[in-house]
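Asks: Handing you a structure now.
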Amino acid sequence: MKELISSNSVDVKSLNLIQIILRSKFSDNINQEINSIFKIDLPKENLKINIRENIICSKSSFDQWNIIDLLGMSKNIDTNIDKLNRNKEVLVTNFSEGQSYFEISGENKVKILNKITHFDFRKKMFPNFTSAQTLIARVDCSIYNLENKFLITCNRSFGNYIEERLIDAVKY
Amino acid sequence: MQSKDNKNSSFILFHQSINFFFDGVKYKGFKGDTIASALIRNNINFVGRSFKYHRPRGIYTCGIEEPNALVQIISEYGEPNTRATIKEIYEGMEVESQNRWPSLDYDFGSINSLLSPLFTAGFYNKTFMRPRGFWKKVYEPIIRKAAGLGKPPQPYRTKSTHFHHHVDVAIVGGGLSALLALKSFIGSEYQVLLIEKDSNLGGILNNSNKISKIFGKESSLWLKETLEEISTSSNIKILTNTLVTNYNYINHLIAIEDLVVGTKPLENIPDQVLHKIRADQVILANGHIERLISFRNNDLPGVMLASSFEKYIERYGVIPDVNPVIFSNNSSTLSLLKTLVDLSCKPQAYIDSRPGNKLEKDLLNVIHENNIPLFTNAKIEGCQGKKKIEEVSVRDSKGNITKIKTNKLCISGGLNPDVHLFTQSKGVLIWDDQYLTFKPDTPFQNTIVIGSAGGIFNYGDLGKDIDKKLKFLNLKQLGKIEFDLIESNDFFIEKLWEVKHEKKSPWSKSFIDLQNDVTTNDLRQGIKEGFDRIEHLKRFTTNSMGTDQGKISSINALGIVSEILKKKISEVGTTIYRPPYAPLSFSSIAGRNTYEFYDPERKTPIHEWHKKNGAVFEDVGQWKRPWYFESKPDESFEEAVQRESLHVRKYAGVLDGSTLGKIEIKGRDALEFMNLIYTNSFSKMKPMTARYALMLKEDGMVMDDGIVSKISNEHFIATTTTGGAANVLSHMEEFAQTEWPHLNVYLNSVTEQFCTFNISGPNSRSILKKVFKDINFDNQNFPFMTFGNYKYIDSKINILRASFTGEIGYEIYVSPSMALALWEDLFRFGEDHGLIAYGTETMHLLRAEKGYIIVGQDTDGSVTPYDLGLEWMIGKNKEDFIGKRSLSRPDTIRNDRKQLVGVIPTDKKNIIEEGQHIILSRNYKPPIKMLGHVTSSYMSPNLNHSFGMAVIQDGKKLINSKAYISSSKGESFEVEIIKPIFFDKNNERLMS
Amino acid sequence: MKRKYSIFSILKNAISGHENWQKMWRSPEPKKSYDAVIIGGGGHGLGTAYYLAKEHGLTNIAVIEKGWLGGGNTGRNTTIIRSNYLWDESAGLYEHSLKLWETLTQELNYNVMFSQRGVMNLAHNEHDIKEIKRRVSANTLNGIDSKWVSKEEIQKIVPIMNTDNLRYPVLGASFQPRGGVARHDTVAWGFAMRADEMGVDIIQNCEAHKILIENGKTIGVETSKGIIKSKKIGIVASGHTSILAETAGIRLPLQSKPLQALVSEPIKPVINTVVMSNAIHAYVSQSDKGELVIGAGTDGYNSFTQRGGFDVIEDTIRAMVELYPCFGKMKMLRQWGGIVDICPDASPIISKCDIEGLYFNCGWGTGGFKATPGSANVFAHTVAKDEPHAINAAFNLDRFVTGKLVDEHGAAAVAH
Amino acid sequence: MLIINCPYCGPRDQCEFTNGGEAHVTRPKNPENISDQMWAEYVFFRSNPKGIYYERWVHSHGCKKWFNSVRDTSTDEIIKVYKIIDKKPLPKEFKNKIKTPSGEPKVGSGNFTVKK
């Protein structure tokens, strides 16, 4: 976890987290398998986030779920993935190191993000505990609304660009 | 010309004086003054020269619609064409007039007004045609030097930012009707954003005395209370100093905010914000614009629009002239008259084109009480003077002329609702015969237009109209609003576009477009020459094509044209209102998305290592890839590539291939999907083996290539070219989702989940044996094109035996966090085996020596697999894959197409250059028939001569024959055409 | 040539207060029938009528235009003219046009202001360099004046360009000295005037509704001003061509998309050549009135609204302020869009079709203005002779069936 | 910029989407036994109407899913959005805003600024 900038009531950090991408149709036994490993259910409603302690699970489209460990402490991830992948009709990928992770919190967080993305952060369009995939500073990102903070992820090679844009948006 | 301060204007801080420079002369203004109001305070009115005739031009208005007073701000990087009427002054500001040489008073360009009888509309189309070369050498350079207004500005790095808004209601304009509407929103559940271009809300309440009381309260008191009330309502946000310039589709407004009004922009502090506003409902309340009247010399400095004159008095606290002449055809100038009289400045004369009985009683009372000379049913025929008005000549209804000495003429030709934004939103206008102007009619989007912007000039109807239009939002109703007015409750006007000149002379002109010097005669001449459609007329005369886009004159032009053509104005129509409403700064459009943030620099996880070890980078799409490595400081590009290419073939080299696309494909129908997407057949492939695969577009042309590794019939990993990574994934997703949704298959890009290190060379095997002690790398155990999962420290890696250099080679896939450790291990163990790092150029050279193609360089979207000699990659018994059917069309099936061949110079000293063409004829005298072009060519240290790959007509047949090749020096030399493989032709090294 | 324009004609008219200039075209009502009808009153359509009358003696012809002359793409483009195209067929067509441009002012005795200031295509990466050097070599061997210029030479020609301190530095460029710009309106008006003089009826506000066919032959066209009979019909309606083709049962592979452009406020001369850049898809030249004329890329979706998205303008301007730092303090004066008809291989269609007497000249996409006189010339030949001219033979409609495309997308822009 | 109502993510700004050209163009089943003309129709020829147009979009910067829409290309109004697997809406459900094939809609600024 690295503090990037903290001023005029907005706080931006970069994190190293664990993330799994599950591609599959919804079925009870898939849900059961995930539950046995991460103790969390797959949300049924699009863009919804289920949360249990440091694990969040969001449904990003009708056949994709993202499971993120907010403290990056989960163990033997790869063995669990291989186990899940035995099912022919499911694709599970360890996406932890493929992405960069940022956390933005503080009262002005929406004001800062409004400078670099067109995304609509109003409550009625982006309620608490929902996720979205959109463009931030012209880079594909995912945003997770965790009530008092947003988790933003993007592909790793865009990481330092997004970091610089976030810092720049806070400064100017 | 005698201006006087009006101390009771509350917007100017008379106690805070400011010094600024205009054309090198120092003047004094006050805090809150614009350049224009400060110049007027100093009795300066002549501020520029017109575009074509270089006639003297004065300050004509008091706002954004200004056609004349465009100045260059020297102290701000020489920003050209700035409106003096809205730019506030600051201490030490340096301003210059434009479009004159050597000076404003003595401008060489004014010779054009002497020759003006020649320079009428369309002049350039009919001359400068002979002799032929003269247009380029003589005429155009002169015309170009005279063109343009301001000088080019200095280089400037933008600091402006963007800001996105999402609101329920956006109100454009902060004047009377906007504030009335806003009162209904106080405390409602709607999120409202109001955008006002001035630094103060109030509009007409600040800019004139037209309304003395609202609901019985002094209008300034009502305004103060209303603003306080608004500030308490948390659902309302106000943006001042912000001008809405674009009204795009689905209620998307673009507005630009000036953050440094009245101060000098500092080096690294943002000076502008570009607001991008999405609103469910847009309310346009941006008021109206006064229009001019065309009469002889109506362009002389000293002529000003009446409401602007009034605004200078009220808003900017300066009376431009203590006794002007007023000329109007409507009822809106009564308040100006009253204001002047109350400040004991008696107008020299009041000329009204309407008949006496039509004039309002209040107007007549004021005139009689102050015995102001009145001319009714009379028109100003013209005015004259040297660089400013000295005399106006009035023609009364009986036709006789009286001359009046004056330096100031306030004119009003009527009021136009500001329909620019409404038509940008695709609303349709309608002609209003009562107010003689266009006004908004049917909106196309969720647009409501209130107040004078909507053609509501009757104060009595204002409240009712707003209530009616906002009814569906069920807000508090305004009801009837009691106004105590200085001017009449409604607006009365009589048609007057142009006044006939008294005497005819080729030099006397009455202007329509002041900036582009378009006269009413130009309109007549245009129609005579057949340009009777308004769009033609605009282009022929350049009317309303200046920086003000005809805001104060385009309706007049339509009026005159309709009279000439004897058509109703609605039949003449208007030209197109195009964004932006007013010129929009390039820097604000760019915002922060330029310079260092123009495009992301995508770096591989071991980028820093490359930098520390002498890598010179190349842009490949958004990626930075090591192009070559400087082994010593002054090693040239050529030397480095020759060294690296020789070294890899002799010892070993490693390339960072992490930028290549990697896609994971899994699902019950993964095999069927892969067989449809690629030309190869993967059915018989054994698990844990890999295959070089080719992908076509539906037109049969090569789109991308890569290595496909099969984990099982349900699980594949495919690599793609760096440039093709995004296209291949979206190509696959398109077919999987829209063509074959029944197939159970999922695609994930894992490009950034793994780094890829391609190590190759004779010593590569022995180096890997040292790094991975427990892996058996012998040939039989680890054959070519097989792969396995292994461990490195405690992380999972894969190693695939594949090679793009033609040497023994392995591709190691490692997670980013372990990448640097592994890379450094390779070098720790590889040092004494001669391991070096090499770049993309060497990779290009070595793969070309083997005849391997690079998609995008050896192919250009018009090359089939057969052309490349890659028939073996097409699954024989596959009945379908993307592009297969296209391969059997007449033009793709013929065997004399352009085919891939190798090319080497007969005389080994010659250098084959990339992009040059193979030709048959010996002598080099273009035009020459070309067989095809060299797609790749390199100087090979391993062959000791230059070589190339080329795609040429009927290539296969020409193998082992001679031909010629062009060179960039303009001659040709002989080459031999051979099979496209140059080194280790039967691949012994690759398979050893 | 009835109307003679020169400085003397202006002097003569100036004395009489410009009262007796003649109408440039008659705008008559349509006759019942003609020998040929051209649908589309833009530069290409009016030019076709001019060459039909002048070179093929067909004067009993009409040009019908649904709006006003030159009101479509002719009046909306960035006026760039060049012939440095890759394939021999395209080079032949655009060079034919460039040669006609060089004498057009004198031929029409109407100043089209063709100014040969050179056109430059910038290379921003190694892939660009390879693609441009190939194009320069092909141009040279086709006898077209195109050369590779280094960064230093670029800075001499365009001193305001920032070649190094930008995200994708400028590594070099191709330069065609004979390329340049022209005044788009006067091309349409010049062709219209001279065609009208030779008897061609130019009919504005006359919208074509349906092509009338009888057993495989054209017999006329149904318009908003009644039915006009004709055995030969040439459709030159850019974005609307495929719609009219459908009324004759002919499918064309065209897609009509918005293409946007903008002008800045007028300033004194600052850039005297045309600079194009594919990598950051923005191109600029400065008109004789002093406005920077800047073109952007197309919007990605089909539309006939003659306007596009603001993001396309943003992308172009943010590249411009980086490439030309002195544009930082410039302002955009006006932004607009046209409707460009794009072919799958980015090359035009100048061709007959299965219906006898029906001809198409379309598919010019983003590059039609430079081809105006050349396209009109060869299309007139195709319509008059019922056989394509050698120059436009390759641009036939059935190339999409045979696969013999002329792919001018450049080297498919796929980086290695 | 349009607002497109992605069937999975809700209304989003058009910059998140990429257009996929005409919808309901199905790939011929067994291509080898159809004529070159029919194959060219599939690969190169797409309808290009002014007015009601069935087209495809992909939420390329969002959920990455493809979907179809019905849009009026003479005014850019998106009338209906539906999933790939949904049935094609019947043409008669929609009305063109233009009277003639290449006519102009009664919409301001450009084609028809002023009510006659």
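Please note that chains go A, B, ... in the order of the structure tokens, that every chain numbers its residues from 1, and that ligands are numbered from 1 in the order shown.
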Distance cut-off 6 Å, counting only C-alpha atoms - which residues of chain B neighbour chain A? Return them as a VMD selection string.

Replies: chain B and resid 162 to 164 600 602 to 603 666 to 668 752 to 753

Asks: Go ahead and save the residues from that selection, with N, CA, C and O atoms, as a PDB file, in the first residue's frame.

Replies:
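out.pdb was written with the following content:
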ATOM      1  N   HIS B 162     -10.404  19.904 -17.535  1.00  0.00           N
ATOM      2  CA  HIS B 162     -11.804  19.619 -17.899  1.00  0.00           C
ATOM      3  C   HIS B 162     -12.592  19.341 -16.628  1.00  0.00           C
ATOM      4  O   HIS B 162     -12.004  19.037 -15.578  1.00  0.00           O
ATOM      5  N   PHE B 163     -13.918  19.447 -16.707  1.00  0.00           N
ATOM      6  CA  PHE B 163     -14.740  19.055 -15.558  1.00  0.00           C
ATOM      7  C   PHE B 163     -16.075  18.540 -16.097  1.00  0.00           C
ATOM      8  O   PHE B 163     -16.685  19.195 -16.950  1.00  0.00           O
ATOM      9  N   HIS B 164     -16.478  17.340 -15.655  1.00  0.00           N
ATOM     10  CA  HIS B 164     -17.730  16.746 -16.147  1.00  0.00           C
ATOM     11  C   HIS B 164     -18.832  16.956 -15.101  1.00  0.00           C
ATOM     12  O   HIS B 164     -18.596  16.765 -13.912  1.00  0.00           O
ATOM     13  N   PRO B 600      -0.778   7.293 -22.978  1.00  0.00           N
ATOM     14  CA  PRO B 600      -0.009   6.565 -21.951  1.00  0.00           C
ATOM     15  C   PRO B 600       1.256   5.959 -22.554  1.00  0.00           C
ATOM     16  O   PRO B 600       1.305   5.624 -23.744  1.00  0.00           O
ATOM     17  N   ARG B 602       3.132   2.764 -22.201  1.00  0.00           N
ATOM     18  CA  ARG B 602       3.008   1.430 -21.586  1.00  0.00           C
ATOM     19  C   ARG B 602       4.409   0.812 -21.515  1.00  0.00           C
ATOM     20  O   ARG B 602       5.126   0.769 -22.537  1.00  0.00           O
ATOM     21  N   LYS B 603       4.781   0.391 -20.310  1.00  0.00           N
ATOM     22  CA  LYS B 603       6.128  -0.134 -20.103  1.00  0.00           C
ATOM     23  C   LYS B 603       6.028  -1.568 -19.598  1.00  0.00           C
ATOM     24  O   LYS B 603       5.086  -1.908 -18.874  1.00  0.00           O
ATOM     25  N   LYS B 666     -10.999 -20.652 -23.252  1.00  0.00           N
ATOM     26  CA  LYS B 666     -11.405 -21.878 -22.545  1.00  0.00           C
ATOM     27  C   LYS B 666     -12.909 -22.059 -22.665  1.00  0.00           C
ATOM     28  O   LYS B 666     -13.658 -21.065 -22.682  1.00  0.00           O
ATOM     29  N   GLY B 667     -13.315 -23.308 -22.766  1.00  0.00           N
ATOM     30  CA  GLY B 667     -14.752 -23.616 -22.792  1.00  0.00           C
ATOM     31  C   GLY B 667     -14.970 -24.960 -23.454  1.00  0.00           C
ATOM     32  O   GLY B 667     -14.070 -25.513 -24.110  1.00  0.00           O
ATOM     33  N   ARG B 668     -16.177 -25.487 -23.308  1.00  0.00           N
ATOM     34  CA  ARG B 668     -16.468 -26.819 -23.871  1.00  0.00           C
ATOM     35  C   ARG B 668     -16.226 -26.796 -25.396  1.00  0.00           C
ATOM     36  O   ARG B 668     -15.701 -27.743 -25.969  1.00  0.00           O
ATOM     37  N   GLU B 752      -1.020  -8.902 -19.674  1.00  0.00           N
ATOM     38  CA  GLU B 752      -0.233  -8.245 -18.624  1.00  0.00           C
ATOM     39  C   GLU B 752      -0.104  -9.113 -17.378  1.00  0.00           C
ATOM     40  O   GLU B 752       0.506  -8.717 -16.388  1.00  0.00           O
ATOM     41  N   GLN B 753      -0.688 -10.329 -17.458  1.00  0.00           N
ATOM     42  CA  GLN B 753      -0.582 -11.222 -16.300  1.00  0.00           C
ATOM     43  C   GLN B 753       0.784 -11.913 -16.316  1.00  0.00           C
ATOM     44  O   GLN B 753       1.273 -12.367 -15.272  1.00  0.00           O
TER      45      GLN B 753
END

Asks: Using only C-alpha atoms, find each residue of chain C with at least one atom at most 6 Å away from an atom of chain D; report its shortest atom-to-atom pair and that distance in Å (one decimal), sort the rows by chain and rising residue number, and return the result as JSON lines.

Replies:
{"residue": "C:Pro253", "atom": "CA", "partner": "D:Phe45", "partner_atom": "CA", "distance": 4.2}
{"residue": "C:Gln255", "atom": "CA", "partner": "D:Asn48", "partner_atom": "CA", "distance": 5.6}
{"residue": "C:Tyr301", "atom": "CA", "partner": "D:Asn19", "partner_atom": "CA", "distance": 5.6}
{"residue": "C:Ser303", "atom": "CA", "partner": "D:Thr73", "partner_atom": "CA", "distance": 4.8}
{"residue": "C:Phe304", "atom": "CA", "partner": "D:Ser74", "partner_atom": "CA", "distance": 5.1}
{"residue": "C:Thr305", "atom": "CA", "partner": "D:Ser74", "partner_atom": "CA", "distance": 5.7}
{"residue": "C:Gly309", "atom": "CA", "partner": "D:Met1", "partner_atom": "CA", "distance": 4.9}
{"residue": "C:Val401", "atom": "CA", "partner": "D:Ala40", "partner_atom": "CA", "distance": 5.2}

Asks: Any chance you can output those residues with C-alpha atoms as a PDB file, in the first residue's frame?

Replies:
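File produced: part_5.pdb:
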ATOM      1  CA  PRO C 253     -20.796  -1.410 -50.465  1.00  0.00           C
ATOM      2  CA  GLN C 255     -21.213   3.315 -45.514  1.00  0.00           C
ATOM      3  CA  TYR C 301     -20.985   5.178 -36.892  1.00  0.00           C
ATOM      4  CA  SER C 303     -25.073   9.123 -39.839  1.00  0.00           C
ATOM      5  CA  PHE C 304     -26.593  11.675 -42.229  1.00  0.00           C
ATOM      6  CA  THR C 305     -26.827  14.482 -39.681  1.00  0.00           C
ATOM      7  CA  GLY C 309     -19.099  13.957 -31.642  1.00  0.00           C
ATOM      8  CA  VAL C 401     -16.913  -9.896 -56.104  1.00  0.00           C
TER       9      VAL C 401
END

Asks: Using only C-alpha atoms, determine which residues lie at most 10 Å from D:Lys88, disregarding the query and same-chain residues fewer than 6 positions distant; provide the list as an MDAnalysis selection string.

Replies: chainID D and resid 23:24 54 68:70 82

Asks: Going by DSSP on the backbone, which residues of chain D come out as helix (DSSP H, G or I)? List them as JSON, numbers by chain.

Replies: {"D": [14, 15, 16, 31, 32, 33, 36, 37, 38, 39, 40, 41, 42, 43, 44, 91, 92, 93]}

Asks: Let's have the selection written as a PDB file, in the first residue's frame, with N, CA and C atoms.

Replies:
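Listed below is the output, part_31.pdb:
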ATOM      1  N   GLN D  14     -21.471   7.757 -25.245  1.00  0.00           N
ATOM      2  CA  GLN D  14     -21.122   7.020 -26.470  1.00  0.00           C
ATOM      3  C   GLN D  14     -19.622   6.720 -26.546  1.00  0.00           C
ATOM      4  N   CYS D  15     -18.782   7.494 -25.849  1.00  0.00           N
ATOM      5  CA  CYS D  15     -17.325   7.259 -25.983  1.00  0.00           C
ATOM      6  C   CYS D  15     -16.917   5.905 -25.418  1.00  0.00           C
ATOM      7  N   GLU D  16     -17.845   5.223 -24.692  1.00  0.00           N
ATOM      8  CA  GLU D  16     -17.496   3.904 -24.157  1.00  0.00           C
ATOM      9  C   GLU D  16     -17.806   2.795 -25.150  1.00  0.00           C
ATOM     10  N   PRO D  31     -20.146 -21.956 -46.575  1.00  0.00           N
ATOM     11  CA  PRO D  31     -19.770 -20.939 -47.572  1.00  0.00           C
ATOM     12  C   PRO D  31     -19.303 -21.525 -48.902  1.00  0.00           C
ATOM     13  N   GLU D  32     -18.709 -22.798 -48.894  1.00  0.00           N
ATOM     14  CA  GLU D  32     -18.069 -23.172 -50.186  1.00  0.00           C
ATOM     15  C   GLU D  32     -19.097 -23.310 -51.300  1.00  0.00           C
ATOM     16  N   ASN D  33     -20.375 -23.655 -50.951  1.00  0.00           N
ATOM     17  CA  ASN D  33     -21.255 -23.800 -52.133  1.00  0.00           C
ATOM     18  C   ASN D  33     -22.201 -22.616 -52.301  1.00  0.00           C
ATOM     19  N   ASP D  36     -19.743 -16.419 -55.629  1.00  0.00           N
ATOM     20  CA  ASP D  36     -18.856 -15.301 -55.253  1.00  0.00           C
ATOM     21  C   ASP D  36     -19.686 -14.057 -54.928  1.00  0.00           C
ATOM     22  N   GLN D  37     -20.761 -13.849 -55.735  1.00  0.00           N
ATOM     23  CA  GLN D  37     -21.596 -12.651 -55.516  1.00  0.00           C
ATOM     24  C   GLN D  37     -22.223 -12.701 -54.125  1.00  0.00           C
ATOM     25  N   MET D  38     -22.789 -13.882 -53.766  1.00  0.00           N
ATOM     26  CA  MET D  38     -23.443 -13.982 -52.443  1.00  0.00           C
ATOM     27  C   MET D  38     -22.403 -13.789 -51.335  1.00  0.00           C
ATOM     28  N   TRP D  39     -21.204 -14.350 -51.511  1.00  0.00           N
ATOM     29  CA  TRP D  39     -20.160 -14.222 -50.483  1.00  0.00           C
ATOM     30  C   TRP D  39     -19.715 -12.749 -50.390  1.00  0.00           C
ATOM     31  N   ALA D  40     -19.600 -12.080 -51.536  1.00  0.00           N
ATOM     32  CA  ALA D  40     -19.204 -10.655 -51.511  1.00  0.00           C
ATOM     33  C   ALA D  40     -20.280  -9.849 -50.786  1.00  0.00           C
ATOM     34  N   GLU D  41     -21.571 -10.227 -51.007  1.00  0.00           N
ATOM     35  CA  GLU D  41     -22.655  -9.521 -50.307  1.00  0.00           C
ATOM     36  C   GLU D  41     -22.401  -9.612 -48.798  1.00  0.00           C
ATOM     37  N   TYR D  42     -22.001 -10.795 -48.289  1.00  0.00           N
ATOM     38  CA  TYR D  42     -21.795 -10.962 -46.839  1.00  0.00           C
ATOM     39  C   TYR D  42     -20.556 -10.168 -46.376  1.00  0.00           C
ATOM     40  N   VAL D  43     -19.483 -10.236 -47.158  1.00  0.00           N
ATOM     41  CA  VAL D  43     -18.228  -9.646 -46.649  1.00  0.00           C
ATOM     42  C   VAL D  43     -18.228  -8.118 -46.791  1.00  0.00           C
ATOM     43  N   PHE D  44     -18.713  -7.617 -47.955  1.00  0.00           N
ATOM     44  CA  PHE D  44     -18.483  -6.181 -48.232  1.00  0.00           C
ATOM     45  C   PHE D  44     -19.739  -5.323 -48.208  1.00  0.00           C
ATOM     46  N   PRO D  91     -39.770  -4.043 -38.850  1.00  0.00           N
ATOM     47  CA  PRO D  91     -39.618  -2.656 -39.368  1.00  0.00           C
ATOM     48  C   PRO D  91     -40.865  -1.821 -39.151  1.00  0.00           C
ATOM     49  N   LYS D  92     -42.034  -2.468 -39.199  1.00  0.00           N
ATOM     50  CA  LYS D  92     -43.249  -1.623 -39.138  1.00  0.00           C
ATOM     51  C   LYS D  92     -43.426  -1.005 -37.751  1.00  0.00           C
ATOM     52  N   GLU D  93     -42.642  -1.431 -36.769  1.00  0.00           N
ATOM     53  CA  GLU D  93     -42.785  -0.798 -35.443  1.00  0.00           C
ATOM     54  C   GLU D  93     -42.211   0.623 -35.453  1.00  0.00           C
TER      55      GLU D  93
END

Asks: Chain D near chain A within 6 Å: what's each residue's closest atom pair and its distance in Å to one decimal, counting only C-alpha atoms, ordered by chain then ascending residue number, as JSON lines?

Replies:
{"residue": "D:His61", "atom": "CA", "partner": "A:Thr134", "partner_atom": "CA", "distance": 5.5}
{"residue": "D:Gly62", "atom": "CA", "partner": "A:Gln133", "partner_atom": "CA", "distance": 4.5}
{"residue": "D:Cys63", "atom": "CA", "partner": "A:Ser61", "partner_atom": "CA", "distance": 6.0}

Asks: May I have a table of the residues of chain C lying at most 12 Å from chain A, giving each one's closest pair of atoms and their distance in Å to one decimal, counting only C-alpha atoms, ordered by chain and ascending residue number, as JSON lines?

Replies:
{"residue": "C:Asp311", "atom": "CA", "partner": "A:Arg138", "partner_atom": "CA", "distance": 10.9}
{"residue": "C:Glu314", "atom": "CA", "partner": "A:Arg138", "partner_atom": "CA", "distance": 12.0}
{"residue": "C:Asp315", "atom": "CA", "partner": "A:Arg138", "partner_atom": "CA", "distance": 10.7}

Asks: Write out as an mmCIF file with C-alpha atoms, in the first residue's frame the residues lying within 6 Å of stretch 548-555 of chain B, counting only C-alpha atoms and excluding same-chain residues fewer than 6 positions away.

Replies:
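Writing the result to result-v9.cif gives the following:
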data_model
loop_
_atom_site.group_PDB
_atom_site.id
_atom_site.type_symbol
_atom_site.label_atom_id
_atom_site.label_comp_id
_atom_site.auth_asym_id
_atom_site.auth_seq_id
_atom_site.Cartn_x
_atom_site.Cartn_y
_atom_site.Cartn_z
ATOM 1 C CA GLU B 65 -21.107 39.825 -30.151
ATOM 2 C CA PRO B 67 -17.223 42.417 -34.492
ATOM 3 C CA ARG B 291 -28.920 44.289 -34.249
ATOM 4 C CA ILE B 512 -23.851 44.449 -43.156
#

Asks: Up to 8 Å from chain D, what residues of chain B turn up? Count only C-alpha atoms and give them as a ChimeraX atom specification.

Replies: /B:248-250,252,423-431,444,570-571,573-578,698-699,734,737-739,741,879-880,885-886,889

Asks: Next, dump the selected residues to file, keeping only C-alpha atoms, as a PDB file, in the first residue's frame.

Replies:
ATOM      1  CA  ASN B 248     -24.621  18.840 -28.642  1.00  0.00           C
ATOM      2  CA  TYR B 249     -26.896  15.892 -29.008  1.00  0.00           C
ATOM      3  CA  ILE B 250     -28.543  14.438 -26.057  1.00  0.00           C
ATOM      4  CA  HIS B 252     -24.581  17.717 -23.798  1.00  0.00           C
ATOM      5  CA  THR B 423     -30.502  25.708 -33.362  1.00  0.00           C
ATOM      6  CA  GLN B 424     -27.299  23.896 -32.380  1.00  0.00           C
ATOM      7  CA  SER B 425     -29.611  21.648 -30.329  1.00  0.00           C
ATOM      8  CA  LYS B 426     -31.484  21.010 -33.607  1.00  0.00           C
ATOM      9  CA  GLY B 427     -34.547  23.041 -32.645  1.00  0.00           C
ATOM     10  CA  VAL B 428     -36.519  24.639 -35.497  1.00  0.00           C
ATOM     11  CA  LEU B 429     -36.965  28.430 -35.661  1.00  0.00           C
ATOM     12  CA  ILE B 430     -40.023  30.389 -36.736  1.00  0.00           C
ATOM     13  CA  TRP B 431     -40.301  33.969 -38.041  1.00  0.00           C
ATOM     14  CA  PHE B 444     -35.663  18.546 -30.919  1.00  0.00           C
ATOM     15  CA  SER B 570     -39.027  32.459 -43.611  1.00  0.00           C
ATOM     16  CA  GLU B 571     -38.744  31.327 -47.248  1.00  0.00           C
ATOM     17  CA  GLY B 573     -34.261  30.693 -44.382  1.00  0.00           C
ATOM     18  CA  THR B 574     -31.035  31.127 -42.410  1.00  0.00           C
ATOM     19  CA  THR B 575     -27.496  29.825 -42.783  1.00  0.00           C
ATOM     20  CA  ILE B 576     -26.465  27.026 -40.414  1.00  0.00           C
ATOM     21  CA  TYR B 577     -25.715  27.933 -36.770  1.00  0.00           C
ATOM     22  CA  ARG B 578     -22.603  25.871 -36.096  1.00  0.00           C
ATOM     23  CA  GLU B 698     -13.289 -12.580 -43.902  1.00  0.00           C
ATOM     24  CA  ASP B 699     -11.806 -11.152 -47.142  1.00  0.00           C
ATOM     25  CA  GLU B 734     -17.233 -10.202 -32.003  1.00  0.00           C
ATOM     26  CA  GLN B 737     -20.785 -13.174 -29.121  1.00  0.00           C
ATOM     27  CA  THR B 738     -22.614 -12.247 -32.340  1.00  0.00           C
ATOM     28  CA  GLU B 739     -21.998 -15.111 -34.777  1.00  0.00           C
ATOM     29  CA  PRO B 741     -23.391 -17.335 -29.186  1.00  0.00           C
ATOM     30  CA  GLU B 879     -14.581 -27.151 -44.346  1.00  0.00           C
ATOM     31  CA  ASP B 880     -14.779 -23.636 -42.897  1.00  0.00           C
ATOM     32  CA  ARG B 885     -14.346 -18.836 -48.834  1.00  0.00           C
ATOM     33  CA  SER B 886     -12.622 -15.628 -49.951  1.00  0.00           C
ATOM     34  CA  ARG B 889     -12.478 -15.935 -55.549  1.00  0.00           C
TER      35      ARG B 889
END
